[in-house]
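Below is start.tsv, which holds TSV, C-alpha atoms.
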```
chain	number	residue	atom	x	y	z
A	401	SER	CA	93.93	89.01	74.07
A	402	SER	CA	95.09	90.16	77.47
A	403	GLU	CA	94.72	89.04	81.05
A	404	PRO	CA	93.16	91.21	83.78
A	405	SER	CA	95.35	94.21	84.49
A	406	VAL	CA	95.23	93.89	88.28
A	407	VAL	CA	96.32	90.69	89.99
A	408	PRO	CA	96.30	89.81	93.69
A	409	SER	CA	99.12	87.36	94.47
A	410	VAL	CA	102.70	88.12	95.53
A	411	HIS	CA	105.66	86.89	93.50
A	412	PRO	CA	108.06	85.55	96.18
A	413	SER	CA	111.19	86.00	94.05
A	414	LEU	CA	110.53	89.74	93.72
A	415	ALA	CA	109.35	90.47	97.25
A	416	PRO	CA	111.91	92.93	98.70
A	417	SER	CA	113.75	91.60	101.72
A	418	PHE	CA	113.89	95.03	103.28
A	419	MET	CA	111.73	98.10	103.47
A	420	PRO	CA	112.66	101.70	104.39
A	421	SER	CA	111.52	103.40	107.57
A	422	ALA	CA	112.05	106.75	109.19
A	423	ALA	CA	115.08	105.67	111.24
A	424	PRO	CA	118.28	107.73	110.90
A	425	SER	CA	120.95	106.58	108.45
A	426	LYS	CA	124.67	107.09	108.20
A	427	VAL	CA	125.86	110.41	106.83
A	428	PRO	CA	126.45	110.21	103.06
A	429	SER	CA	130.00	110.61	101.82
A	430	THR	CA	129.33	113.53	99.49
A	431	SER	CA	129.33	117.28	99.68
A	432	PRO	CA	126.67	118.64	102.08
A	433	SER	CA	125.71	121.16	99.38
A	434	LEU	CA	124.34	118.28	97.29
A	435	ILE	CA	121.92	117.13	99.98
A	436	PRO	CA	118.61	119.04	100.21
A	437	SER	CA	117.86	119.93	103.83
A	438	ALA	CA	114.31	118.55	103.56
A	439	MET	CA	115.43	115.18	102.15
A	440	PRO	CA	113.92	112.27	104.15
A	441	ILE	CA	116.49	110.00	105.77
A	442	VAL	CA	116.21	106.23	105.45
A	443	PRO	CA	118.34	103.46	106.95
A	444	SER	CA	121.29	102.03	105.07
A	445	LEU	CA	120.16	98.68	103.66
A	446	PRO	CA	122.03	95.86	101.87
A	447	PHE	CA	122.32	95.58	98.11
A	448	ASN	CA	124.25	93.11	96.01
A	449	CYS	CA	125.29	92.51	92.41
A	450	PRO	CA	125.31	88.72	91.98
A	451	VAL	CA	127.48	86.99	89.41
A	452	SER	CA	125.09	86.11	86.59
A	453	ALA	CA	125.25	86.10	82.79
A	454	ASP	CA	121.73	87.57	82.82
A	455	LEU	CA	122.71	90.61	84.90
A	456	ARG	CA	123.37	93.43	82.41
A	457	ALA	CA	123.67	96.45	84.73
A	458	CYS	CA	124.00	96.81	88.48
A	459	ILE	CA	124.39	100.40	89.66
A	460	ARG	CA	124.68	101.26	93.38
A	461	PHE	CA	125.28	105.02	92.84
A	462	ASP	CA	127.81	104.85	95.69
A	463	ASP	CA	130.91	104.50	93.52
A	464	GLU	CA	131.84	107.44	91.28
A	465	VAL	CA	134.95	107.64	89.11
A	466	ALA	CA	135.58	110.60	86.78
A	467	GLY	CA	131.92	111.56	86.39
A	468	THR	CA	130.57	108.03	86.08
A	469	TYR	CA	128.82	105.66	88.48
A	470	LEU	CA	130.33	102.18	88.30
A	471	ASP	CA	128.49	99.14	86.97
A	472	PHE	CA	129.09	95.93	88.94
A	473	SER	CA	127.41	93.57	86.47
A	474	GLY	CA	130.66	92.92	84.63
A	475	LYS	CA	129.21	94.44	81.43
A	476	SER	CA	130.74	97.93	81.85
A	477	ASN	CA	127.42	99.76	81.49
A	478	THR	CA	128.52	102.67	83.63
A	479	VAL	CA	126.22	105.64	84.19
A	480	HIS	CA	127.64	108.93	82.92
A	481	HIS	CA	126.19	112.06	84.48
A	482	THR	CA	126.18	115.79	83.92
A	483	ASN	CA	125.32	117.97	86.92
A	484	GLY	CA	124.30	114.83	88.81
A	485	ALA	CA	123.83	114.94	92.57
A	486	LEU	CA	123.99	112.25	95.23
A	487	VAL	CA	121.57	112.23	98.16
A	488	PRO	CA	120.77	109.74	100.97
A	489	GLY	CA	119.32	106.56	99.49
A	490	ILE	CA	118.21	103.06	100.37
A	491	SER	CA	121.80	101.84	100.70
A	492	ASP	CA	124.18	104.74	101.26
A	493	LEU	CA	123.73	107.14	98.29
A	494	ALA	CA	121.28	107.55	95.42
A	495	ALA	CA	120.95	109.63	92.23
A	496	SER	CA	118.75	112.71	92.42
A	497	GLY	CA	116.73	113.83	89.40
A	498	PHE	CA	116.10	117.48	88.53
A	499	PRO	CA	115.87	119.53	85.30
A	500	THR	CA	119.58	120.30	84.85
A	501	ALA	CA	120.88	116.79	85.58
A	502	THR	CA	121.31	113.98	83.07
A	503	TYR	CA	122.18	110.35	83.76
A	504	GLN	CA	122.77	107.98	80.86
A	505	MET	CA	124.28	104.65	79.83
A	506	ALA	CA	125.77	104.42	76.36
A	507	ASP	CA	124.04	102.20	73.84
A	508	SER	CA	125.34	98.66	74.30
A	509	VAL	CA	124.69	95.24	72.78
A	510	SER	CA	124.48	93.87	76.33
A	511	LEU	CA	121.45	96.12	76.94
A	512	ASP	CA	119.64	94.85	73.81
A	513	LEU	CA	117.29	92.49	75.62
A	514	THR	CA	115.45	90.59	72.91
A	515	SER	CA	113.63	87.71	74.61
A	516	ALA	CA	113.13	88.69	78.26
A	517	MET	CA	113.96	91.52	80.63
A	518	THR	CA	113.71	92.87	84.16
A	519	VAL	CA	114.35	96.47	85.20
A	520	GLU	CA	114.25	96.87	88.97
A	521	ALA	CA	115.16	99.71	91.32
A	522	TRP	CA	114.25	101.59	94.46
A	523	VAL	CA	112.46	104.84	93.63
A	524	ARG	CA	111.15	107.88	95.44
A	525	LEU	CA	109.08	110.42	93.51
A	526	ASP	CA	109.46	113.77	95.26
A	527	SER	CA	106.61	115.12	93.17
A	528	LEU	CA	104.28	113.69	90.55
A	529	PRO	CA	104.13	115.27	87.08
A	530	SER	CA	101.34	117.84	86.78
A	531	SER	CA	101.02	117.18	83.04
A	532	GLY	CA	102.52	114.94	80.40
A	533	ARG	CA	105.02	112.39	81.67
A	534	VAL	CA	108.50	111.98	83.17
A	535	GLY	CA	111.08	109.29	82.51
A	536	LEU	CA	112.36	106.91	85.18
A	537	PHE	CA	114.24	104.49	82.88
A	538	ASP	CA	114.12	104.80	79.11
A	539	ASN	CA	115.91	102.68	76.52
A	540	GLU	CA	114.28	104.52	73.63
A	541	GLY	CA	112.35	102.30	71.24
A	542	GLN	CA	113.03	99.19	73.33
A	543	TYR	CA	111.91	99.09	76.98
A	544	SER	CA	111.06	101.74	79.55
A	545	VAL	CA	109.49	102.75	82.84
A	546	ILE	CA	107.60	106.05	82.59
A	547	VAL	CA	105.46	108.04	85.04
A	548	PHE	CA	102.37	109.68	83.56
A	549	ALA	CA	100.47	112.61	85.07
A	550	GLY	CA	97.20	111.55	86.66
A	551	THR	CA	97.62	107.83	85.95
A	552	GLY	CA	100.91	106.55	87.35
A	553	LEU	CA	103.81	104.21	86.57
A	554	GLN	CA	103.91	102.38	83.22
A	555	CYS	CA	106.08	99.37	82.35
A	556	SER	CA	106.82	98.74	78.66
A	557	ASN	CA	108.83	96.13	76.75
A	558	GLY	CA	108.53	97.99	73.45
A	559	LEU	CA	105.99	95.45	72.25
A	560	HIS	CA	103.23	96.31	74.71
A	561	ASN	CA	102.57	98.95	77.37
A	562	LEU	CA	100.98	98.01	80.67
A	563	PRO	CA	98.25	100.37	81.88
A	564	PRO	CA	99.80	102.95	84.26
A	565	PHE	CA	99.41	102.09	87.95
A	566	PRO	CA	99.02	104.82	90.61
A	567	VAL	CA	102.05	105.59	92.80
A	568	SER	CA	102.54	108.05	95.64
A	569	SER	CA	105.09	110.82	96.04
A	570	GLY	CA	107.40	111.25	99.01
A	571	VAL	CA	107.81	107.54	99.84
A	572	TRP	CA	110.32	104.90	98.79
A	573	PHE	CA	109.05	101.89	96.83
A	574	HIS	CA	110.65	98.99	95.00
A	575	MET	CA	109.72	98.78	91.31
A	576	ALA	CA	110.23	95.85	88.92
A	577	CYS	CA	109.21	95.86	85.25
A	578	VAL	CA	109.35	92.20	84.18
A	579	TRP	CA	108.88	90.38	80.89
A	580	ASP	CA	109.47	86.63	80.60
A	581	GLY	CA	108.82	86.40	76.87
A	582	ALA	CA	105.13	85.60	77.34
A	583	ARG	CA	103.79	87.97	80.01
A	584	LEU	CA	104.61	91.55	80.91
A	585	ARG	CA	104.24	92.41	84.61
A	586	LEU	CA	104.73	95.36	86.95
A	587	TYR	CA	105.62	94.71	90.59
A	588	LEU	CA	105.55	97.33	93.34
A	589	ASP	CA	107.14	96.41	96.69
A	590	GLY	CA	107.14	92.77	95.59
A	591	ALA	CA	103.43	92.61	94.76
A	592	PRO	CA	102.22	92.25	91.14
A	593	VAL	CA	99.91	95.16	90.33
A	594	ALA	CA	99.47	94.83	86.55
A	595	LYS	CA	100.05	92.21	83.86
A	596	MET	CA	99.21	91.30	80.30
A	597	LEU	CA	100.10	88.73	77.67
A	598	SER	CA	103.04	89.86	75.54
A	599	ALA	CA	104.91	87.73	73.00
A	600	GLY	CA	107.44	88.61	70.35
A	601	THR	CA	111.00	89.86	69.99
A	602	MET	CA	112.02	93.30	71.16
A	603	ALA	CA	113.61	95.68	68.66
A	604	THR	CA	117.33	96.40	69.00
A	605	VAL	CA	117.89	98.96	66.23
A	606	ASN	CA	117.92	101.99	68.55
A	607	THR	CA	121.37	103.52	69.19
A	608	ASP	CA	120.34	106.32	71.57
A	609	PRO	CA	121.67	106.24	75.13
A	610	VAL	CA	119.64	104.76	77.96
A	611	SER	CA	118.34	107.58	80.14
A	612	LEU	CA	117.81	107.39	83.89
A	613	LEU	CA	115.54	109.87	85.70
A	614	ASN	CA	114.58	111.32	82.32
A	615	SER	CA	113.47	110.32	78.83
A	616	SER	CA	115.72	109.42	75.89
A	617	PRO	CA	117.04	110.76	73.61
A	618	ALA	CA	115.85	114.36	74.15
A	619	PHE	CA	116.31	114.41	77.97
A	620	SER	CA	113.30	116.73	78.09
A	621	GLU	CA	111.11	114.92	80.66
A	622	PRO	CA	113.09	114.91	83.93
A	623	MET	CA	111.76	113.11	86.97
A	624	HIS	CA	111.77	115.00	90.27
A	625	GLY	CA	112.84	112.21	92.57
A	626	VAL	CA	115.53	109.72	93.54
A	627	LEU	CA	116.76	106.43	92.04
A	628	ASP	CA	118.82	103.80	93.86
A	629	ASN	CA	120.04	100.24	93.43
A	630	LEU	CA	119.28	99.77	89.74
A	631	ARG	CA	119.55	96.31	88.19
A	632	VAL	CA	118.81	95.30	84.59
A	633	TRP	CA	118.49	91.61	83.70
A	634	HIS	CA	118.13	89.66	80.45
A	635	SER	CA	115.58	87.39	82.10
A	636	GLY	CA	112.12	87.62	83.63
A	637	ARG	CA	112.92	87.57	87.33
```
Target format structure tokens, applied to this file:
Amino acid sequence: SSEPSVVPSVHPSLAPSFMPSAAPSKVPSTSPSLIPSAMPIVPSLPFNCPVSADLRACIRFDDEVAGTYLDFSGKSNTVHHTNGALVPGISDLAASGFPTATYQMADSVSLDLTSAMTVEAWVRLDSLPSSGRVGLFDNEGQYSVIVFAGTGLQCSNGLHNLPPFPVSSGVWFHMACVWDGARLRLYLDGAPVAKMLSAGTMATVNTDPVSLLNSSPAFSEPMHGVLDNLRVWHSGR
């Protein structure tokens, strides 16, 4: 059985401590040709990668070395990109999704989250899909966050899929897909918007890369939008 899909209370541990506004930000340290002229500007806001055994990836998208964005979790789950572009984000720079860009993390034992998980990030959808779906975060066959045309954002732990929840384009929001081993929840801007009972052990047999701003492994469902401050945890935050 499942619990009601819409819940009213706020989870204090996931409530973002900052929210974007329309105030100017510092100029990003990347080529001006990579920054669309119509890109909304948001203030530079703090982000941290705490020392924790449960933290499995912490990507700021501000630190690039030889075509990869550094991972500050200590697990070396760097993001490799092809034709990636950096644009103004929530804290300095963010990754921009478009059809010719791919962002991926190699398959890793540290990303095989069997008993609990949290995927959280700041997201801005510059347009919603007109049909089908687009990938935001996809560890194929395991856990994912997908945006469906006409219905919205879906959180999945590979065992169960939450019903998609409507999201808007053109605005920043904080997203957290959380599973504590018993309940699967989706939080938007710190507020729980969907939940259901979900028990079991997630599969770990998949060896495809984890895709960001697209689906895995085909990279055929690119998201038109921006991703910043990604953290993946082996715990229900």
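With all atoms listed in the file as the atoms that count, the residue of A:Glu621, A:Asp492, A:Asp580, A:Glu540 with the shortest distance to Met596 in chain A is A:Asp580.
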Practice prompt. Go ahead and compute the interatomic distance for CA of Thr601 in chain A and CA of Ser515 in chain A, in Å to one decimal.
Written response: 5.7 Å
Radius query 7 Å about (104.2, 112.0, 93.7), atoms used: all atoms listed in the file, as a PDB file with C-alpha atoms, in the frame of the given file:
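And here is the file that came out, point-v1.pdb:
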```pdb
ATOM      1  CA  LEU A 525     109.080 110.420  93.510  1.00  0.00           C
ATOM      2  CA  ASP A 526     109.460 113.770  95.260  1.00  0.00           C
ATOM      3  CA  SER A 527     106.610 115.120  93.170  1.00  0.00           C
ATOM      4  CA  LEU A 528     104.280 113.690  90.550  1.00  0.00           C
ATOM      5  CA  VAL A 567     102.050 105.590  92.800  1.00  0.00           C
ATOM      6  CA  SER A 568     102.540 108.050  95.640  1.00  0.00           C
ATOM      7  CA  SER A 569     105.090 110.820  96.040  1.00  0.00           C
ATOM      8  CA  GLY A 570     107.400 111.250  99.010  1.00  0.00           C
TER       9      GLY A 570
END
```
Discussion item. What's around Gln504 in chain A at 7 Å? Count all atoms listed in the file, leave out sequence neighbours fewer than 2 positions away in its own chain, and write the answer as an NGL selection string.
Written reply: :A and (479-481 or 502 or 506 or 609-612)
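Remark: for Met505 in chain A, the closest of the candidate residues A:Ala576, A:Phe447, A:Ile459, A:Met602 is A:Ile459 (distances computed over all atoms listed in the file).
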Practice prompt. Identify the residues around (123.1, 93.1, 90.1) within a radius of 8 Å, measuring from all atoms listed in the file in the coordinates stated by the file, and give them as an MDAnalysis selection string.
Written response: chainID A and resid 448:451 455:459 472:473 630:632
Discussion item. At a cut-off of 12 Å, using only C-alpha atoms, what residues contact Pro499 in chain A? Leave out same-chain residues fewer than 5 positions from it and give the result as a PyMOL selection string.
Written reply: chain A and resi 482-485+534-535+613-615+619-625
Output of the above residues as a CSV table (one decimal), keeping the file's coordinate frame, restricted to C-alpha atoms:
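Okay, this is what ended up in again-v4.csv:
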```
chain,number,residue,atom,x,y,z
A,482,THR,CA,126.2,115.8,83.9
A,483,ASN,CA,125.3,118.0,86.9
A,484,GLY,CA,124.3,114.8,88.8
A,485,ALA,CA,123.8,114.9,92.6
A,534,VAL,CA,108.5,112.0,83.2
A,535,GLY,CA,111.1,109.3,82.5
A,613,LEU,CA,115.5,109.9,85.7
A,614,ASN,CA,114.6,111.3,82.3
A,615,SER,CA,113.5,110.3,78.8
A,619,PHE,CA,116.3,114.4,78.0
A,620,SER,CA,113.3,116.7,78.1
A,621,GLU,CA,111.1,114.9,80.7
A,622,PRO,CA,113.1,114.9,83.9
A,623,MET,CA,111.8,113.1,87.0
A,624,HIS,CA,111.8,115.0,90.3
A,625,GLY,CA,112.8,112.2,92.6
```
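Among the candidates A:Pro566, A:Val593, A:Ala501, A:Thr478, the one nearest to Ala549 in chain A when counting only C-alpha atoms is A:Pro566.
Among A:Pro564, A:Trp633, A:Arg524, A:His574, the residue with the shortest atom-to-atom distance to Ser496 in chain A, counting all atoms listed in the file, is A:Arg524.
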Can you tell me, as AutoDock Vina command-line options, the centre and edge lengths (Å, one decimal) of the axis-aligned box enclosing all of range 536-543 of chain A's listed atoms after padding each side by 3 Å?
```
--center_x 113.9 --center_y 103.0 --center_z 78.2 --size_x 10.0 --size_y 13.8 --size_z 19.9
```
So that I can see what lies close to Thr514 in chain A, please list as a PDB file with C-alpha atoms, keeping the file's coordinate frame the residues with an atom at most 12 Å from it, counting only C-alpha atoms and leaving out residues fewer than 4 positions away in the same chain.
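Generated output (result-v6.pdb):
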```
ATOM      1  CA  VAL A 509     124.690  95.240  72.780  1.00  0.00           C
ATOM      2  CA  SER A 510     124.480  93.870  76.330  1.00  0.00           C
ATOM      3  CA  THR A 518     113.710  92.870  84.160  1.00  0.00           C
ATOM      4  CA  GLN A 542     113.030  99.190  73.330  1.00  0.00           C
ATOM      5  CA  TYR A 543     111.910  99.090  76.980  1.00  0.00           C
ATOM      6  CA  ASN A 557     108.830  96.130  76.750  1.00  0.00           C
ATOM      7  CA  GLY A 558     108.530  97.990  73.450  1.00  0.00           C
ATOM      8  CA  LEU A 559     105.990  95.450  72.250  1.00  0.00           C
ATOM      9  CA  TRP A 579     108.880  90.380  80.890  1.00  0.00           C
ATOM     10  CA  ASP A 580     109.470  86.630  80.600  1.00  0.00           C
ATOM     11  CA  GLY A 581     108.820  86.400  76.870  1.00  0.00           C
ATOM     12  CA  ALA A 599     104.910  87.730  73.000  1.00  0.00           C
ATOM     13  CA  GLY A 600     107.440  88.610  70.350  1.00  0.00           C
ATOM     14  CA  THR A 601     111.000  89.860  69.990  1.00  0.00           C
ATOM     15  CA  MET A 602     112.020  93.300  71.160  1.00  0.00           C
ATOM     16  CA  ALA A 603     113.610  95.680  68.660  1.00  0.00           C
ATOM     17  CA  THR A 604     117.330  96.400  69.000  1.00  0.00           C
ATOM     18  CA  VAL A 605     117.890  98.960  66.230  1.00  0.00           C
ATOM     19  CA  TRP A 633     118.490  91.610  83.700  1.00  0.00           C
ATOM     20  CA  HIS A 634     118.130  89.660  80.450  1.00  0.00           C
ATOM     21  CA  SER A 635     115.580  87.390  82.100  1.00  0.00           C
ATOM     22  CA  GLY A 636     112.120  87.620  83.630  1.00  0.00           C
TER      23      GLY A 636
END
```
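Nearest residue to Val547 in chain A, choosing from A:Gly489, A:Pro529, A:Pro563, A:Gly590 and counting only C-alpha atoms: A:Pro529.
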Practice prompt. For CA of Ala591 in chain A and CA of Ser491 in chain A, determine how far apart the two atoms are, in Å to one decimal place.
Written response: 21.4 Å
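Relative to CA of Ile546 in chain A, CA of Arg583 in chain A is found at 18.7 Å.
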